[in-house]
Structures are given as C-alpha cells and as structure tokens.
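*Asks:* What follows is final27.txt, compact mmCIF, C-alpha atoms.
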# COMPACT_ATOMS: atom_id res chain seq x y z
CA MET A 146 0.00 0.00 0.00
CA ASN A 147 1.58 3.30 -1.06
CA ASP A 148 1.19 6.74 0.55
CA THR A 149 -1.35 7.99 -2.00
CA SER A 150 -3.78 5.20 -1.20
CA LYS A 151 -3.80 6.07 2.50
CA ARG A 152 -6.60 8.60 2.86
CA VAL A 153 -7.67 10.27 6.03
CA GLN A 154 -11.38 9.69 6.41
CA VAL A 155 -13.30 12.63 7.85
CA SER A 156 -15.84 11.55 10.43
CA ALA A 157 -19.51 11.65 9.51
CA SER A 158 -20.68 11.57 13.12
CA VAL A 159 -18.13 13.42 15.29
CA ALA A 160 -17.81 17.14 14.57
CA ASP A 161 -14.31 18.49 14.01
CA TRP A 162 -14.72 21.94 15.52
CA SER A 163 -11.23 22.99 14.42
CA ARG A 164 -12.62 23.34 10.88
CA GLU A 165 -14.72 26.31 12.09
CA ARG A 166 -12.03 27.92 14.23
CA LYS A 167 -10.85 31.34 13.06
CA ALA A 168 -7.43 32.83 13.76
CA ALA A 169 -7.51 35.90 15.97
CA PHE A 170 -8.00 39.13 13.98
CA ALA A 171 -8.10 37.22 10.70
CA TRP A 172 -10.44 38.36 7.94
CA ASP A 173 -12.51 35.23 7.45
CA PRO A 174 -16.15 36.17 6.76
CA ALA A 175 -17.44 32.59 6.49
CA ARG A 176 -16.07 31.52 9.85
CA SER A 177 -17.21 34.81 11.41
CA LEU A 178 -20.75 34.18 10.14
CA LEU A 179 -20.72 30.67 11.60
CA ALA A 180 -19.34 32.02 14.89
CA SER A 181 -22.25 34.47 15.16
CA ILE A 182 -24.73 31.63 14.60
CA ARG A 183 -22.99 29.45 17.19
CA LEU A 184 -22.96 32.33 19.71
CA TYR A 185 -26.68 32.93 19.22
CA GLN A 186 -27.54 29.25 19.62
CA LYS A 187 -25.26 28.91 22.66
CA HIS A 188 -27.14 31.62 24.57
CA ASP A 189 -30.67 30.28 24.24
CA ARG A 190 -31.40 30.59 27.98
CA ARG A 191 -33.15 33.27 29.99
CA GLY A 192 -31.28 35.97 31.83
CA LEU A 193 -29.83 39.39 31.25
CA LEU A 194 -26.37 38.24 30.14
CA HIS A 195 -27.84 35.71 27.71
CA ALA A 196 -30.16 38.38 26.28
CA ILE A 197 -27.23 40.75 25.75
CA ALA A 198 -25.11 38.02 24.16
CA ARG A 199 -27.98 37.11 21.83
CA ARG A 200 -28.39 40.75 20.73
CA VAL A 201 -24.66 40.97 20.05
CA ALA A 202 -24.87 37.72 18.07
CA VAL A 203 -27.81 39.06 16.04
CA MET A 204 -25.90 42.23 15.14
CA ARG A 205 -22.79 40.22 14.23
CA HIS A 206 -24.94 37.86 12.15
CA ARG A 207 -26.55 40.73 10.25
CA PHE A 208 -23.16 42.24 9.47
CA TRP A 209 -21.55 38.99 8.32
CA SER A 210 -24.66 38.00 6.33
CA ILE A 211 -24.31 41.21 4.34
CA VAL A 212 -20.56 40.77 3.88
CA THR A 213 -20.86 37.14 2.76
CA GLY A 214 -24.14 37.41 0.88
CA ALA A 215 -25.28 34.20 2.55
CA ASP A 216 -28.81 33.51 3.78
CA ILE A 217 -28.26 31.24 6.77
CA PRO A 218 -30.70 32.01 9.61
CA LEU A 219 -29.74 32.06 13.27
CA ASN A 220 -32.04 29.16 14.14
CA CYS A 221 -30.85 26.73 11.45
CA ARG A 222 -29.68 23.21 12.28
CA LEU A 223 -26.00 22.99 11.39
CA GLY A 224 -23.69 20.22 12.47
CA GLY A 225 -20.26 21.17 13.76
CA GLY A 226 -17.24 21.44 11.51
CA LEU A 227 -19.13 23.10 8.64
CA VAL A 228 -16.83 24.65 6.03
CA LEU A 229 -18.00 27.39 3.67
CA PRO A 230 -14.96 28.16 1.47
CA HIS A 231 -16.87 30.83 -0.49
CA PRO A 232 -20.15 31.58 1.33
CA ASN A 233 -21.52 33.98 -1.31
CA GLY A 234 -25.10 33.09 -2.19
CA VAL A 235 -25.46 30.08 0.12
CA VAL A 236 -29.11 29.60 1.13
CA ILE A 237 -30.02 27.25 3.98
CA PRO A 238 -33.58 27.36 5.35
CA PRO A 239 -34.14 26.94 9.11
CA LEU A 240 -35.75 23.50 8.77
CA ALA A 241 -33.00 21.96 6.65
CA GLN A 242 -30.46 19.82 8.48
CA VAL A 243 -26.74 19.86 7.77
CA GLY A 244 -24.66 17.10 9.35
CA PRO A 245 -21.19 17.41 10.87
CA ASN A 246 -18.07 18.14 8.83
CA CYS A 247 -19.87 19.16 5.63
CA MET A 248 -18.41 21.45 2.98
CA ILE A 249 -20.74 23.74 1.05
CA PHE A 250 -19.43 25.89 -1.80
CA GLN A 251 -20.83 29.15 -3.23
CA GLN A 252 -24.34 29.61 -4.64
CA VAL A 253 -25.70 26.40 -3.06
CA THR A 254 -29.41 26.33 -2.26
CA LEU A 255 -31.11 23.91 0.09
CA GLY A 256 -34.83 24.44 -0.36
CA THR A 257 -38.29 23.10 -0.95
CA GLY A 258 -39.26 21.18 -4.04
CA SER A 259 -41.82 18.72 -5.32
CA ARG A 260 -41.20 16.40 -2.35
CA ARG A 261 -42.56 17.73 0.91
CA GLY A 262 -40.07 18.79 3.53
CA PHE A 263 -36.56 20.14 3.56
CA PRO A 264 -33.21 18.55 2.66
CA ARG A 265 -31.27 16.56 5.23
CA LEU A 266 -27.52 16.27 4.66
CA GLY A 267 -25.63 13.50 6.42
CA GLY A 268 -22.13 13.82 7.81
CA HIS A 269 -19.14 14.81 5.67
CA VAL A 270 -21.16 15.75 2.59
CA ASP A 271 -19.39 17.89 -0.02
CA VAL A 272 -21.73 20.09 -2.08
CA GLY A 273 -20.29 21.65 -5.24
CA ALA A 274 -20.75 25.24 -6.36
CA GLY A 275 -24.20 26.17 -7.62
CA ALA A 276 -25.88 22.93 -6.58
CA LYS A 277 -29.55 22.93 -5.66
CA ILE A 278 -30.87 20.32 -3.22
CA LEU A 279 -34.64 20.54 -3.26
CA GLY A 280 -37.43 18.96 -1.24
CA GLY A 281 -37.42 16.39 1.52
CA VAL A 282 -34.42 14.48 0.20
CA THR A 283 -31.80 12.73 2.29
CA ILE A 284 -28.14 12.89 1.35
CA GLY A 285 -26.15 10.03 2.90
CA ASP A 286 -22.88 10.29 4.81
CA HIS A 287 -19.72 10.89 2.75
CA ALA A 288 -21.76 11.73 -0.36
CA ARG A 289 -20.68 14.24 -2.98
CA ILE A 290 -22.93 16.55 -4.96
CA GLY A 291 -21.46 17.88 -8.20
CA ALA A 292 -21.35 21.52 -9.19
CA ASN A 293 -24.66 22.86 -10.54
CA ALA A 294 -26.48 19.58 -9.86
CA VAL A 295 -30.20 19.77 -9.13
CA VAL A 296 -30.88 17.04 -6.59
CA THR A 297 -34.49 15.95 -6.13
CA ILE A 298 -33.78 12.30 -5.23
CA ASP A 299 -32.18 10.64 -2.21
CA VAL A 300 -28.43 10.12 -2.51
CA PRO A 301 -27.08 6.99 -0.80
CA GLU A 302 -24.09 6.96 1.51
CA GLY A 303 -20.77 7.47 -0.28
CA ALA A 304 -22.41 8.14 -3.67
CA THR A 305 -21.87 11.01 -6.10
CA ALA A 306 -24.77 12.89 -7.70
CA VAL A 307 -24.31 15.01 -10.82
CA GLY A 308 -26.42 16.61 -13.53
CA ILE A 309 -29.76 18.29 -14.08
CA PRO A 310 -31.77 16.49 -12.81
CA ALA A 311 -29.20 14.74 -10.67
CA ARG A 312 -28.38 11.11 -11.24
CA ILE A 313 -26.22 8.84 -9.11
CA LEU A 314 -22.90 7.94 -10.67
CA PRO A 315 -21.97 4.26 -10.53
CA ALA A 316 -19.24 3.46 -8.02
CA ARG A 317 -15.81 2.95 -9.53
CA GLU A 318 -14.11 -0.30 -8.73
CA ARG A 319 -10.77 0.17 -7.06
CA ALA A 320 -7.85 -1.51 -8.71
CA SER A 321 -6.12 -4.13 -6.59
CA GLU A 322 -2.45 -3.62 -5.98
Mind turning this structure into structure tokens?
*Replies:*
Amino acid sequence: MNDTSKRVQVSASVADWSRERKAAFAWDPARSLLASIRLYQKHDRRGLLHAIARRVAVMRHRFWSIVTGADIPLNCRLGGGLVLPHPNGVVIPPLAQVGPNCMIFQQVTLGTGSRRGFPRLGGHVDVGAGAKILGGVTIGDHARIGANAVVTIDVPEGATAVGIPARILPARERASE
C-alpha cells in the first residue's frame, strides 16, 4: 500500500470543531458568520447576560450576512465542523439539516421542491458550487454533490450525484495492488 492510497477519512458523526475555528484578527467572513450563529444558539437561555449576548450575536450575524451574501438564519440546524470556502449566495432554510463536517461551496441552495419537507444532509457531505438540493431528500454520509447539480432524489451513503436532474454515478471499482 503506497502513501497515496492512505486517505484520512473525515468523520460523519463526530464534529471536528477545528474546521470552524478562526485565527484571531483574521479576515474570514465565512467563519465569522458561523461564529455568530454558534454564539446565538449557545445563549438560548433566559437571563440578562444571555439576552445581551444574543443581541450581540444578532448584530454580528446581520453584518456577516451582508458581507458574505449568505442567507443562513440564526435558528438553522447545522452540524459542527461546517466549512464554507466561499459563502456567497449560500441559502439554507431553518428547517433543513446539515450534518457534521460538511463542505458547502458558493451559490448552493437547500430548499423546498416537489417532495414535501426540507433537505437533510448526512455527515461529511461535499456540495459543489451552484448545486440545488430541493425537497425532503436525504443525502447520505460521505456523499458528494457535483457543481450545478439539481438534486431531487435521495443520494445513498458514499455516492456522487451530478447533472440536471441529478443522477447517481456508478461506483468505480478500485484496482487491486
């Protein structure tokens, strides 16, 4: 087994919070937007300090939403370790679910479609630029969605979906060494 065949598998169930961590004083709008959402959700209790922290989080969220051009509400369900390399135009409704360690590129929309409900992304799902995931579909762990794909069907674990409308690519057989 050579070094190129050894791949580090990202967990689909345990969030890697270091993926969201921002360096001090670094200009990183995507991580700052996520930090404002996390701060808001962390202070969901009663009390004066929690109310102040929530107001600060709301103001930070409004600022970073404008800077990034992303529409990710404060009450959305995001798993830890989310990476938004280019958050411009990302739309995630509050009832959609995003699993841990996902990567979502620019102009991605999770929304309603012909199937009732909202999309549910499993852990470690990579969504390419411009993809649309519509309706109550489930995307399995370690799945990949190609750029500009329009997904209206369930995507099994480890599969790749591409095209308009999206179709599941057949799994490639690995060559034995």
*Asks:* Grab the CA of Val300 in chain A to CA of Ile284 in chain A distance for me, in Å with one decimal place.
*Replies:*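 Spanning CA of Val300 in chain A to CA of Ile284 in chain A is a straight-line distance of 4.8 Å.
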*Asks:* Just want the 7 Å neighbourhood of Gly226 in chain A, counted on all atoms listed in the file, with same-chain residues fewer than 4 positions away dropped. Output as JSON, numbers by chain.
*Replies:* {"A": [160, 161, 162, 163, 164, 165, 245, 246, 247]}
*Asks:* My list of candidates is A:Ile217, A:Ile278, A:Ala196, A:Val203. Which is closest to Gly308 in chain A when distances are computed with all atoms listed in the file?
*Replies:*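 Once distances to Gly308 in chain A are computed over all atoms listed in the file, the minimum belongs to A:Ile278.
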*Asks:* Please measure the separation of CA of Ile249 in chain A and CA of Ala311 in chain A, giving the value in Å to one decimal.
*Replies:*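 Separation of CA of Ile249 in chain A and CA of Ala311 in chain A: 17.0 Å.
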*Asks:* Nearest residue to Thr254 in chain A out of A:Lys277, A:His188, A:Arg289, A:His269, using all atoms listed in the file?
*Replies:*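 Among A:Lys277, A:His188, A:Arg289, A:His269, it is A:Lys277 that comes nearest to Thr254 in chain A.
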*Asks:* So what do you get for CA of Arg200 in chain A versus CA of Val159 in chain A, distance-wise?
*Replies:*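 According to the coordinates, CA of Arg200 in chain A and CA of Val159 in chain A are separated by 29.7 Å.
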*Asks:* Here is a test: counting all atoms listed in the file, which residue of A:Leu179, A:Arg265, A:Ala274, A:Gly258 is nearest to Asp299 in chain A?
*Replies:* A:Arg265
*Asks:* With distances taken over only C-alpha atoms, which residue among A:Ser259, A:Ser158, A:Thr297, A:Asn220 lies nearest Lys187 in chain A?
*Replies:*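 Distance minimum relative to Lys187 in chain A lands on A:Asn220.
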*Asks:* For a quick check of understanding, using all atoms listed in the file, which of A:Val155, A:Ala169, A:Ile197, A:Ile182 has the smallest distance to Met248 in chain A?
*Replies:*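 Using all atoms listed in the file, Met248 in chain A sits closest to A:Val155.
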*Asks:* Could you tell me which of A:Ala175, A:Ala157, A:Leu240, A:Leu193 comes closest to Trp209 in chain A if we count only C-alpha atoms?
*Replies:*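 That would be A:Ala175, the residue with the smallest distance to Trp209 in chain A.
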